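**Q** Got a file for you: input_8.cif, mmCIF, C-alpha atoms.
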```
data_upload
loop_
_atom_site.label_atom_id
_atom_site.label_comp_id
_atom_site.auth_asym_id
_atom_site.auth_seq_id
_atom_site.Cartn_x
_atom_site.Cartn_y
_atom_site.Cartn_z
CA MET M 268 87.92 36.55 -13.48
CA SER M 269 84.67 36.82 -15.28
CA GLY M 270 81.57 36.57 -13.15
CA HIS M 271 83.28 35.76 -9.85
CA GLY M 272 83.58 39.38 -8.74
CA GLU M 273 79.81 39.71 -8.50
CA ARG M 274 79.27 36.43 -6.66
CA TYR M 275 82.27 36.28 -4.33
CA SER M 276 84.30 38.88 -2.51
CA VAL M 277 87.51 38.78 -0.47
CA ARG M 278 87.71 40.76 2.74
CA PRO M 279 89.73 40.79 5.96
CA ALA M 280 88.28 38.37 8.48
CA THR M 281 86.70 39.58 11.69
CA GLU M 282 86.66 37.81 15.02
CA ALA M 283 83.02 36.89 14.31
CA ASP M 284 84.22 34.90 11.26
CA LEU M 285 86.41 32.54 13.30
CA PRO M 286 83.81 29.78 13.88
CA ALA M 287 83.18 29.57 10.11
CA VAL M 288 86.93 29.62 9.35
CA LEU M 289 87.57 26.81 11.85
CA THR M 290 84.74 24.80 10.30
CA LEU M 291 86.23 25.37 6.83
CA TYR M 292 89.66 24.23 8.02
CA ALA M 293 88.15 21.04 9.46
CA GLU M 294 86.06 20.38 6.32
CA THR M 295 89.06 20.68 4.02
CA GLY M 296 91.32 18.51 6.19
CA LEU M 297 93.63 21.23 7.47
CA ASP M 298 95.19 19.91 10.69
CA ASP M 299 93.70 16.51 9.83
CA GLY M 300 90.24 17.86 10.64
CA VAL M 301 91.09 18.63 14.29
CA ARG M 302 89.65 22.01 15.27
CA LEU M 303 91.46 24.63 17.31
CA ASP M 304 89.52 25.65 20.42
CA LEU M 305 87.56 28.85 19.64
CA PRO M 306 88.89 30.88 22.62
CA LEU M 307 92.46 30.03 21.59
CA ALA M 308 91.66 30.93 17.97
CA ARG M 309 90.33 34.29 19.18
CA GLU M 310 93.51 34.87 21.21
CA ARG M 311 95.71 34.14 18.17
CA PHE M 312 93.54 36.30 15.90
CA VAL M 313 93.88 39.27 18.27
CA ARG M 314 97.65 38.73 18.32
CA PHE M 315 97.75 39.13 14.51
CA ALA M 316 97.18 42.87 15.06
CA SER M 317 100.57 43.20 16.76
CA TYR M 318 102.35 42.29 13.52
CA PRO M 319 102.90 45.04 10.96
CA PHE M 320 100.98 43.07 8.30
CA TYR M 321 99.50 39.69 9.16
CA ARG M 322 95.97 39.20 7.87
CA LEU M 323 93.41 36.44 7.71
CA TYR M 324 91.17 36.89 4.68
CA VAL M 325 87.87 35.22 3.88
CA VAL M 326 85.99 34.75 0.63
CA THR M 327 82.30 35.32 1.12
CA SER M 328 79.15 34.78 -0.85
CA ALA M 329 75.80 36.38 -0.03
CA THR M 330 74.12 32.99 -0.33
CA GLU M 331 76.84 30.60 0.91
CA GLY M 332 78.63 32.60 3.63
CA ILE M 333 82.37 32.00 4.06
CA VAL M 334 83.60 29.65 1.35
CA GLY M 335 87.35 30.30 1.31
CA THR M 336 90.17 31.64 3.41
CA TYR M 337 93.89 32.33 3.40
CA VAL M 338 96.50 34.09 5.52
CA LEU M 339 98.93 36.68 4.17
CA LEU M 340 102.06 37.72 6.04
CA VAL M 341 104.21 40.57 4.72
CA MET M 342 107.64 40.39 6.34
CA ASP M 343 110.14 43.21 6.57
CA ASN M 344 113.57 42.34 5.28
CA ILE M 345 117.17 43.48 5.49
CA ALA M 346 118.36 41.32 2.59
CA HIS M 347 117.17 42.00 -0.96
CA LEU M 348 117.94 45.70 -0.44
CA GLY M 349 115.24 45.93 2.21
CA ALA M 350 112.39 44.78 -0.04
CA PRO M 351 109.78 42.89 2.00
CA LEU M 352 108.53 39.43 1.14
CA ALA M 353 105.03 37.95 1.38
CA VAL M 354 104.01 34.48 2.50
CA VAL M 355 100.63 32.83 1.88
CA GLU M 356 99.48 30.12 4.27
CA GLN M 357 96.37 28.20 5.29
CA VAL M 358 94.62 28.31 1.92
CA ALA M 359 91.25 26.57 2.08
CA VAL M 360 88.22 26.44 -0.22
CA ALA M 361 84.96 24.78 0.78
CA ASN M 362 84.68 21.36 -0.85
CA ALA M 363 81.40 22.30 -2.57
CA CYS M 364 83.01 25.41 -4.10
CA GLN M 365 86.25 23.95 -5.42
CA GLY M 366 86.84 24.42 -9.14
CA GLN M 367 84.88 27.70 -9.24
CA GLY M 368 87.87 30.05 -9.32
CA LEU M 369 88.03 30.91 -5.63
CA GLY M 370 91.66 29.84 -5.30
CA THR M 371 92.53 32.10 -8.23
CA LEU M 372 90.55 34.95 -6.67
CA MET M 373 92.46 34.56 -3.39
CA MET M 374 95.89 34.27 -5.00
CA GLU M 375 95.25 37.32 -7.21
CA HIS M 376 94.18 39.18 -4.07
CA ALA M 377 97.36 38.09 -2.26
CA MET M 378 99.58 39.05 -5.22
CA ALA M 379 97.96 42.50 -5.42
CA HIS M 380 98.63 43.13 -1.72
CA ALA M 381 102.21 41.87 -2.03
CA ARG M 382 102.80 44.24 -4.97
CA GLN M 383 101.24 47.16 -3.05
CA HIS M 384 103.69 46.53 -0.21
CA GLY M 385 106.69 46.41 -2.59
CA CYS M 386 107.41 42.73 -1.95
CA TYR M 387 110.09 41.16 -4.10
CA LYS M 388 108.32 37.77 -3.94
CA LEU M 389 105.24 35.94 -2.78
CA ALA M 390 106.00 32.47 -1.43
CA LEU M 391 103.93 29.54 -0.31
CA SER M 392 104.51 25.91 0.42
CA SER M 393 102.34 22.94 -0.35
CA ASN M 394 102.45 19.38 0.91
CA VAL M 395 104.20 17.12 -1.59
CA LYS M 396 101.06 14.94 -1.77
CA ARG M 397 98.81 17.78 -2.98
CA GLU M 398 99.44 17.36 -6.71
CA ARG M 399 96.20 19.12 -7.74
CA ALA M 400 97.26 22.15 -5.71
CA HIS M 401 100.69 22.10 -7.36
CA ASP M 402 99.08 22.08 -10.82
CA PHE M 403 96.88 24.99 -9.74
CA TYR M 404 99.86 27.07 -8.54
CA ASP M 405 101.77 26.21 -11.73
CA LYS M 406 98.86 27.53 -13.83
CA LEU M 407 98.86 30.78 -11.85
CA GLY M 408 102.51 31.36 -12.77
CA PHE M 409 104.17 30.27 -9.54
CA THR M 410 107.48 28.52 -10.13
CA ARG M 411 108.80 25.59 -8.18
CA HIS M 412 111.89 26.86 -6.46
CA GLY M 413 114.21 25.05 -4.11
CA TYR M 414 112.99 22.83 -1.31
CA SER M 415 110.75 23.51 1.62
CA PHE M 416 111.99 22.10 4.91
CA HIS M 417 110.32 21.90 8.28
CA ILE M 418 110.84 20.18 11.58
CA ASP M 419 108.05 19.07 13.87
CA LEU M 420 108.62 20.89 17.16
CA SER M 421 106.02 19.05 19.21
CA PRO M 422 107.49 17.82 22.52
CA ARG M 423 106.87 14.16 21.61
CA THR M 424 108.73 14.43 18.31
CA LEU M 425 111.69 16.28 19.83
CA LEU M 426 112.08 13.60 22.49
CA GLU M 427 112.09 10.88 19.83
CA THR M 428 114.71 12.79 17.84
CA PHE M 429 117.11 13.10 20.76
CA ASP M 430 116.53 9.57 22.09
CA ASP M 431 118.26 8.07 19.03
#
```
Using structure tokens, write down the structure from this file.

**A**
Amino acid sequence: MSGHGERYSVRPATEADLPAVLTLYAETGLDDGVRLDLPLARERFVRFASYPFYRLYVVTSATEGIVGTYVLLVMDNIAHLGAPLAVVEQVAVANACQGQGLGTLMMEHAMAHARQHGCYKLALSSNVKRERAHDFYDKLGFTRHGYSFHIDLSPRTLLETFDD
């Protein structure tokens, strides 16, 4: 990526980065703009270290601070002849910095780490409404594969499910 390497860099997040990451999540609409309490975020961040490879990364700029973030999880596997797999989550780029190649920088960073760990694939999911994001992932060479399913496990939703 021409020019972006000098202006932006990707590094593992530190606990001191959490307030900026939470602000970025809120700005970009992750969790509908509701912020996780900082002490709870710190607790979760510390727990990441107990996983073999679960990292929060930030994209930084000397002039703009933290302008992007993503999480990479490398999971051990028994299937696929023991080859691990990588999952990207919580991708966010500051609104003012979108369209400047930061998403590409982060995904190239994630792909490089997944390759270094011998992963057979790098997967991510994206809300069906995020068509711009889908176009972006298509351009990076991701392929649309299968369906992504989830179930809301909040107590309220589970009660509604079983009341029917």

**Q** What is the CA of Tyr404 (chain M) to CA of Ala381 (chain M) distance in Å?

**A**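 It comes out at 16.3 Å.
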
**Q** Mind listing as a ChimeraX atom specification all residues within 12 Å of (83.2, 40.9, 0.2), counting only C-alpha atoms?

**A** /M:271-280,324-329,332-335,372-373,376

**Q** Could you check how far CA of Met378 (chain M) sits from CA of Tyr318 (chain M), in Å to one decimal?

**A** 19.2 Å

**Q** What does the distance from CA of Leu303 (chain M) to CA of Pro286 (chain M) come to in Å, to one decimal?

**A** 9.8 Å

**Q** Within 10 Å of region 393-398 of chain M, counting only C-alpha atoms, which residues show up once you throw out same-chain ones fewer than 6 positions away? Write them as a PyMOL selection string, please.

**A** chain M and resi 356-358+404+415

**Q** Go through region 311-414 of chain M residue by residue and, counting all atoms listed in the file, keep those with an atom at most 9 Å from region 295-300 of chain M; for each kept residue give the shortest atom pair and its distance in Å to one decimal, ordered by chain and increasing number, as CSV.

**A**
```
residue,atom,partner,partner_atom,distance
M:Gln357,CA,M:Leu297,CA,7.8
M:Ala359,CA,M:Thr295,CA,6.6
M:Val360,CA,M:Thr295,CA,7.2
M:Ala361,CA,M:Thr295,CA,6.6
M:Asn362,CA,M:Thr295,CA,6.6
```

**Q** Go through M:Leu407, M:Ala363, M:Ala390, M:Asp402 and flag the residue nearest Glu375 (chain M), using only C-alpha atoms for the distances.

**A**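 When distances to Glu375 (chain M) are compared using only C-alpha atoms, the smallest one comes from M:Leu407.
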
**Q** Neighbouring residues of Leu352 (chain M) were defined as those with any atom within 9 Å, considering only C-alpha atoms; residues of the same chain fewer than 3 positions away were excluded. Please report them as an NGL selection string.

**A** :M and (340-344 or 381 or 384-390)
